[in-house]
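Coordinates as given in query_2.cif (mmCIF, C-alpha atoms and all ligand atoms):
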data_my_file
loop_
_atom_site.group_PDB
_atom_site.id
_atom_site.type_symbol
_atom_site.label_atom_id
_atom_site.label_comp_id
_atom_site.auth_asym_id
_atom_site.auth_seq_id
_atom_site.Cartn_x
_atom_site.Cartn_y
_atom_site.Cartn_z
ATOM 1 C CA MET A 1 -19.589 -11.299 14.182
ATOM 2 C CA PRO A 2 -17.134 -13.335 12.095
ATOM 3 C CA ASN A 3 -17.789 -17.042 11.659
ATOM 4 C CA ALA A 4 -15.230 -19.864 11.888
ATOM 5 C CA ASN A 5 -13.706 -19.037 8.476
ATOM 6 C CA GLN A 6 -13.306 -15.369 9.268
ATOM 7 C CA GLY A 7 -11.645 -13.444 12.015
ATOM 8 C CA ARG A 8 -11.269 -10.084 13.603
ATOM 9 C CA CYS A 9 -8.892 -7.428 12.298
ATOM 10 C CA ALA A 10 -6.574 -7.897 15.271
ATOM 11 C CA ASP A 11 -5.865 -11.483 14.129
ATOM 12 C CA CYS A 12 -5.456 -10.702 10.400
ATOM 13 C CA ALA A 13 -2.088 -10.916 8.656
ATOM 14 C CA TYR A 14 -2.704 -7.603 6.901
ATOM 15 C CA TRP A 15 -3.575 -5.528 9.960
ATOM 16 C CA GLU A 16 -0.952 -3.277 11.523
ATOM 17 C CA LEU A 17 -1.495 -1.944 15.022
ATOM 18 C CA VAL A 18 -0.994 1.832 15.241
ATOM 19 C CA ARG A 19 -2.378 2.459 18.741
ATOM 20 C CA PRO A 20 -4.383 0.386 21.234
ATOM 21 C CA ASN A 21 -7.264 -1.356 19.398
ATOM 22 C CA GLU A 22 -6.719 0.632 16.163
ATOM 23 C CA GLY A 23 -4.721 -0.394 13.139
ATOM 24 C CA TRP A 24 -4.209 0.025 9.414
ATOM 25 C CA CYS A 25 -5.793 -2.468 7.040
ATOM 26 C CA ARG A 26 -3.087 -3.252 4.485
ATOM 27 C CA ARG A 27 -5.008 -5.976 2.675
ATOM 28 C CA HIS A 28 -5.280 -4.084 -0.641
ATOM 29 C CA SER A 29 -2.855 -2.171 -2.815
ATOM 30 C CA PRO A 30 -3.564 1.560 -3.274
ATOM 31 C CA THR A 31 -6.145 2.694 -5.795
ATOM 32 C CA THR A 32 -4.774 4.816 -8.624
ATOM 33 C CA PRO A 33 -5.167 8.529 -7.784
ATOM 34 C CA ASP A 34 -6.275 11.331 -10.104
ATOM 35 C CA ALA A 35 -3.184 13.478 -9.429
ATOM 36 C CA ALA A 36 0.584 12.974 -9.489
ATOM 37 C CA ASP A 37 2.450 11.923 -6.316
ATOM 38 C CA ALA A 38 -0.658 11.405 -4.196
ATOM 39 C CA VAL A 39 0.256 9.517 -1.011
ATOM 40 C CA ALA A 40 -1.460 6.175 -0.330
ATOM 41 C CA HIS A 41 -3.228 6.158 3.031
ATOM 42 C CA TRP A 42 -4.414 2.771 4.252
ATOM 43 C CA PRO A 43 -7.750 2.813 6.088
ATOM 44 C CA GLN A 44 -7.931 2.323 9.836
ATOM 45 C CA SER A 45 -10.139 -0.222 11.521
ATOM 46 C CA HIS A 46 -10.891 -1.268 15.093
ATOM 47 C CA ALA A 47 -9.382 -4.488 16.414
ATOM 48 C CA GLU A 48 -12.840 -6.114 16.705
ATOM 49 C CA GLN A 49 -14.028 -5.280 13.166
ATOM 50 C CA TRP A 50 -13.802 -7.878 10.390
ATOM 51 C CA CYS A 51 -14.331 -8.515 6.665
ATOM 52 C CA GLY A 52 -14.368 -11.308 4.087
ATOM 53 C CA ASP A 53 -10.729 -10.751 3.061
ATOM 54 C CA PHE A 54 -9.444 -11.926 6.449
ATOM 55 C CA VAL A 55 -6.311 -14.079 6.335
ATOM 56 C CA ALA A 56 -5.120 -15.581 9.594
ATOM 57 C CA SER A 57 -1.689 -14.209 10.401
ATOM 58 C CA HIS A 58 -0.164 -17.707 10.687
ATOM 59 C CA ARG A 59 -1.316 -18.657 7.134
ATOM 60 C CA THR A 60 0.681 -16.269 4.941
ATOM 61 C CA SER A 61 4.125 -14.772 4.621
ATOM 62 C CA ALA A 62 3.021 -12.061 2.137
ATOM 63 C CA PRO A 63 3.097 -9.205 4.680
ATOM 64 C CA ALA A 64 6.847 -9.747 4.994
ATOM 65 C CA ILE A 65 7.302 -8.278 1.501
ATOM 66 C CA THR A 66 7.634 -4.507 1.730
ATOM 67 C CA CYS A 67 7.248 -2.100 -1.198
ATOM 68 C CA GLU A 68 11.004 -1.885 -1.711
ATOM 69 C CA SER A 69 11.128 -5.634 -2.325
ATOM 70 C CA CYS A 70 7.882 -5.788 -4.339
ATOM 71 C CA ARG A 71 7.947 -6.137 -8.119
ATOM 72 C CA PHE A 72 5.196 -3.539 -8.554
ATOM 73 C CA TRP A 73 7.204 -0.720 -6.945
ATOM 74 C CA ARG A 74 9.402 1.724 -8.847
ATOM 75 C CA GLN A 75 11.590 4.408 -7.309
ATOM 76 C CA PRO A 76 13.517 7.145 -9.128
ATOM 77 C CA GLU A 77 17.179 7.111 -8.068
ATOM 78 C CA ALA A 78 16.711 10.111 -5.720
ATOM 79 C CA GLY A 79 13.223 9.109 -4.580
ATOM 80 C CA LEU A 80 10.174 11.158 -5.505
ATOM 81 C CA GLN A 81 10.582 14.932 -5.559
ATOM 82 C CA PRO A 82 7.096 16.427 -5.837
ATOM 83 C CA VAL A 83 6.504 20.157 -5.975
ATOM 84 C CA ASP A 84 4.512 21.699 -3.088
ATOM 85 C CA ARG A 85 3.618 18.401 -1.386
ATOM 86 C CA GLY A 86 3.986 19.289 2.286
ATOM 87 C CA ASP A 87 1.874 16.367 3.527
ATOM 88 C CA ARG A 88 5.073 14.354 4.043
ATOM 89 C CA ILE A 89 8.524 15.482 5.165
ATOM 90 C CA ALA A 90 11.450 15.486 2.724
ATOM 91 C CA SER A 91 13.016 12.328 4.190
ATOM 92 C CA TRP A 92 9.746 10.439 3.542
ATOM 93 C CA TRP A 93 9.770 11.470 -0.120
ATOM 94 C CA SER A 94 13.402 10.405 -0.554
ATOM 95 C CA ASN A 95 12.295 6.908 0.516
ATOM 96 C CA ALA A 96 9.154 6.927 -1.631
ATOM 97 C CA GLY A 97 8.282 5.305 -4.924
ATOM 98 C CA LEU A 98 5.183 4.494 -6.939
ATOM 99 C CA CYS A 99 2.981 1.407 -6.621
ATOM 100 C CA HIS A 100 2.135 0.153 -10.135
ATOM 101 C CA ARG A 101 0.096 -2.860 -8.988
ATOM 102 C CA ASP A 102 -3.176 -1.800 -10.639
ATOM 103 C CA ALA A 103 -4.077 -0.338 -13.991
ATOM 104 C CA PRO A 104 -6.097 2.866 -13.802
ATOM 105 C CA LYS A 105 -9.798 2.248 -14.322
ATOM 106 C CA PRO A 106 -11.786 3.925 -17.075
ATOM 107 C CA ASN A 107 -14.450 6.378 -16.003
ATOM 108 C CA ALA A 108 -16.800 9.001 -17.395
ATOM 109 C CA ALA A 109 -14.278 11.865 -17.560
ATOM 110 C CA PRO A 110 -12.595 12.195 -20.978
ATOM 111 C CA GLY A 111 -8.874 12.899 -21.348
ATOM 112 C CA GLN A 112 -7.790 11.774 -17.879
ATOM 113 C CA ARG A 113 -4.078 11.177 -17.162
ATOM 114 C CA ALA A 114 -2.966 7.993 -15.422
ATOM 115 C CA TYR A 115 -1.129 8.294 -12.085
ATOM 116 C CA TRP A 116 0.061 5.823 -9.480
ATOM 117 C CA ALA A 117 0.074 6.256 -5.714
ATOM 118 C CA ALA A 118 3.205 7.101 -3.731
ATOM 119 C CA THR A 119 4.217 4.679 -0.984
ATOM 120 C CA HIS A 120 7.167 4.509 1.404
ATOM 121 C CA ARG A 121 9.700 1.736 0.856
ATOM 122 C CA LYS A 122 8.643 0.173 4.181
ATOM 123 C CA ASP A 123 4.917 0.144 3.340
ATOM 124 C CA ARG A 124 3.360 -3.195 2.447
ATOM 125 C CA CYS A 125 0.110 -4.781 1.368
ATOM 126 C CA GLY A 126 -1.560 -8.076 0.611
ATOM 127 C CA PHE A 127 -0.912 -7.812 -3.141
ATOM 128 C CA ALA A 128 2.869 -7.751 -2.863
ATOM 129 C CA GLU A 129 4.978 -10.081 -5.004
ATOM 130 C CA ALA A 130 8.706 -10.475 -4.523
ATOM 131 C CA ARG A 131 10.926 -8.700 -7.053
ATOM 132 C CA THR A 132 14.016 -10.000 -8.821
ATOM 133 C CA ASP A 133 15.532 -6.618 -9.863
ATOM 134 C CA THR A 134 16.465 -3.540 -7.756
ATOM 135 C CA GLY A 135 13.404 -1.438 -8.588
ATOM 136 C CA VAL A 136 15.528 1.727 -8.836
ATOM 137 C CA GLU A 137 15.087 3.722 -12.046
ATOM 138 C CA ASN A 138 18.166 5.551 -13.339
HETATM 139 S S1 LIG B 201 3.695 -4.014 -1.501
HETATM 140 FE FE1 LIG B 201 3.679 -3.909 -3.773
HETATM 141 S S2 LIG B 201 1.504 -3.973 -4.368
HETATM 142 FE FE2 LIG B 201 1.595 -3.475 -2.163
HETATM 143 S S3 LIG B 201 1.578 -1.211 -1.998
HETATM 144 FE FE3 LIG B 201 3.741 -1.827 -2.052
HETATM 145 S S4 LIG B 201 4.326 -1.774 -4.235
HETATM 146 FE FE4 LIG B 201 2.072 -1.799 -4.146
#

Starting from the file, lay out its structure as structure tokens.
Amino acid sequence: MPNANQGRCADCAYWELVRPNEGWCRRHSPTTPDAADAVAHWPQSHAEQWCGDFVASHRTSAPAITCESCRFWRQPEAGLQPVDRGDRIASWWSNAGLCHRDAPKPNAAPGQRAYWAATHRKDRCGFAEARTDTGVEN
């Protein structure tokens, strides 16, 4: 059980209800994938679960910043146009960009390419920072 300085997912600023008692934890930005145009999927948790990254929803305004207004997000002018990526419909990809919040981490495999995860412009996370430019790449 959480103590006085913690709280349950249902009361966290970074939790987004998706159905009764289940929600997405949007506390962290996506990890860098090992392939191009991989979609970021935030993990689900139960309303009564908890963790040490809890932030009471009345203590932060960060969740109000969506990817499209975050300085780490970049979108090609026509959105992303991946080849053979049927896990999202075309209209999702036209509203998608890449989250560049984190540098890729080194690992044991030599010669790896760096990629960043695809997110929708209305996604959000606890690492967002407001942007001052448009974020659209020409
Ligand atoms: S809000 Fe910013 S840091 Fe978070 S997923 Fe979107 S682009 Fe990345």

I need the residue set behind the PyMOL selection byres (((chain A and resi 39-50) around 9) and not hetatm) for this file; please write it as JSON, numbers by chain. {"A": [1, 2, 6, 7, 8, 9, 10, 11, 12, 15, 17, 18, 20, 21, 22, 23, 24, 25, 26, 27, 28, 29, 30, 31, 33, 37, 38, 51, 52, 53, 54, 87, 88, 117, 118, 119, 120]}

Can you write out the residues you just picked, keeping C-alpha atoms, as a PDB file, in the coordinates of the input?
ATOM      1  CA  MET A   1     -19.589 -11.299  14.182  1.00  0.00           C
ATOM      2  CA  PRO A   2     -17.134 -13.335  12.095  1.00  0.00           C
ATOM      3  CA  GLN A   6     -13.306 -15.369   9.268  1.00  0.00           C
ATOM      4  CA  GLY A   7     -11.645 -13.444  12.015  1.00  0.00           C
ATOM      5  CA  ARG A   8     -11.269 -10.084  13.603  1.00  0.00           C
ATOM      6  CA  CYS A   9      -8.892  -7.428  12.298  1.00  0.00           C
ATOM      7  CA  ALA A  10      -6.574  -7.897  15.271  1.00  0.00           C
ATOM      8  CA  ASP A  11      -5.865 -11.483  14.129  1.00  0.00           C
ATOM      9  CA  CYS A  12      -5.456 -10.702  10.400  1.00  0.00           C
ATOM     10  CA  TRP A  15      -3.575  -5.528   9.960  1.00  0.00           C
ATOM     11  CA  LEU A  17      -1.495  -1.944  15.022  1.00  0.00           C
ATOM     12  CA  VAL A  18      -0.994   1.832  15.241  1.00  0.00           C
ATOM     13  CA  PRO A  20      -4.383   0.386  21.234  1.00  0.00           C
ATOM     14  CA  ASN A  21      -7.264  -1.356  19.398  1.00  0.00           C
ATOM     15  CA  GLU A  22      -6.719   0.632  16.163  1.00  0.00           C
ATOM     16  CA  GLY A  23      -4.721  -0.394  13.139  1.00  0.00           C
ATOM     17  CA  TRP A  24      -4.209   0.025   9.414  1.00  0.00           C
ATOM     18  CA  CYS A  25      -5.793  -2.468   7.040  1.00  0.00           C
ATOM     19  CA  ARG A  26      -3.087  -3.252   4.485  1.00  0.00           C
ATOM     20  CA  ARG A  27      -5.008  -5.976   2.675  1.00  0.00           C
ATOM     21  CA  HIS A  28      -5.280  -4.084  -0.641  1.00  0.00           C
ATOM     22  CA  SER A  29      -2.855  -2.171  -2.815  1.00  0.00           C
ATOM     23  CA  PRO A  30      -3.564   1.560  -3.274  1.00  0.00           C
ATOM     24  CA  THR A  31      -6.145   2.694  -5.795  1.00  0.00           C
ATOM     25  CA  PRO A  33      -5.167   8.529  -7.784  1.00  0.00           C
ATOM     26  CA  ASP A  37       2.450  11.923  -6.316  1.00  0.00           C
ATOM     27  CA  ALA A  38      -0.658  11.405  -4.196  1.00  0.00           C
ATOM     28  CA  CYS A  51     -14.331  -8.515   6.665  1.00  0.00           C
ATOM     29  CA  GLY A  52     -14.368 -11.308   4.087  1.00  0.00           C
ATOM     30  CA  ASP A  53     -10.729 -10.751   3.061  1.00  0.00           C
ATOM     31  CA  PHE A  54      -9.444 -11.926   6.449  1.00  0.00           C
ATOM     32  CA  ASP A  87       1.874  16.367   3.527  1.00  0.00           C
ATOM     33  CA  ARG A  88       5.073  14.354   4.043  1.00  0.00           C
ATOM     34  CA  ALA A 117       0.074   6.256  -5.714  1.00  0.00           C
ATOM     35  CA  ALA A 118       3.205   7.101  -3.731  1.00  0.00           C
ATOM     36  CA  THR A 119       4.217   4.679  -0.984  1.00  0.00           C
ATOM     37  CA  HIS A 120       7.167   4.509   1.404  1.00  0.00           C
TER      38      HIS A 120
END

Could you please determine the separation between CA of Pro104 in chain A and CA of Arg121 in chain A in Å, to one decimal place?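 Those two atoms sit 21.6 Å apart.
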
Check what the PyMOL selection byres (((chain A and resi 80) around 6) and not hetatm) selects in the file above and give those residues as a list in words. Gly79, Gln81, Trp93, Ser94 and Ala96 of chain A

Which one of A:Ala56, A:Ile89, A:Ala36, A:Cys99 sits closest to Tyr115 in chain A if you count all atoms listed in the file?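 Once distances to Tyr115 in chain A are computed over all atoms listed in the file, the minimum belongs to A:Ala36.
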
What does the structure give for the distance between CA of Tyr14 in chain A and CA of Ser69 in chain A, in Å to one decimal? 16.7 Å

Show which residues sit within 8 Å of Asp34 in chain A, as a list of chain:residue names. Count all atoms listed in the file, and ignore same-chain residues fewer than 3 positions away.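 My reading of the contact set: A:Gln112, A:Arg113, A:Ala114, A:Tyr115.
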
Protein and nucleic residues near ligand LIG 201 (chain B), 6 Å, only C-alpha atoms and all ligand atoms, as a ChimeraX atom specification: /A:29-30,66-67,70,72-73,99,101,123-125,127-128
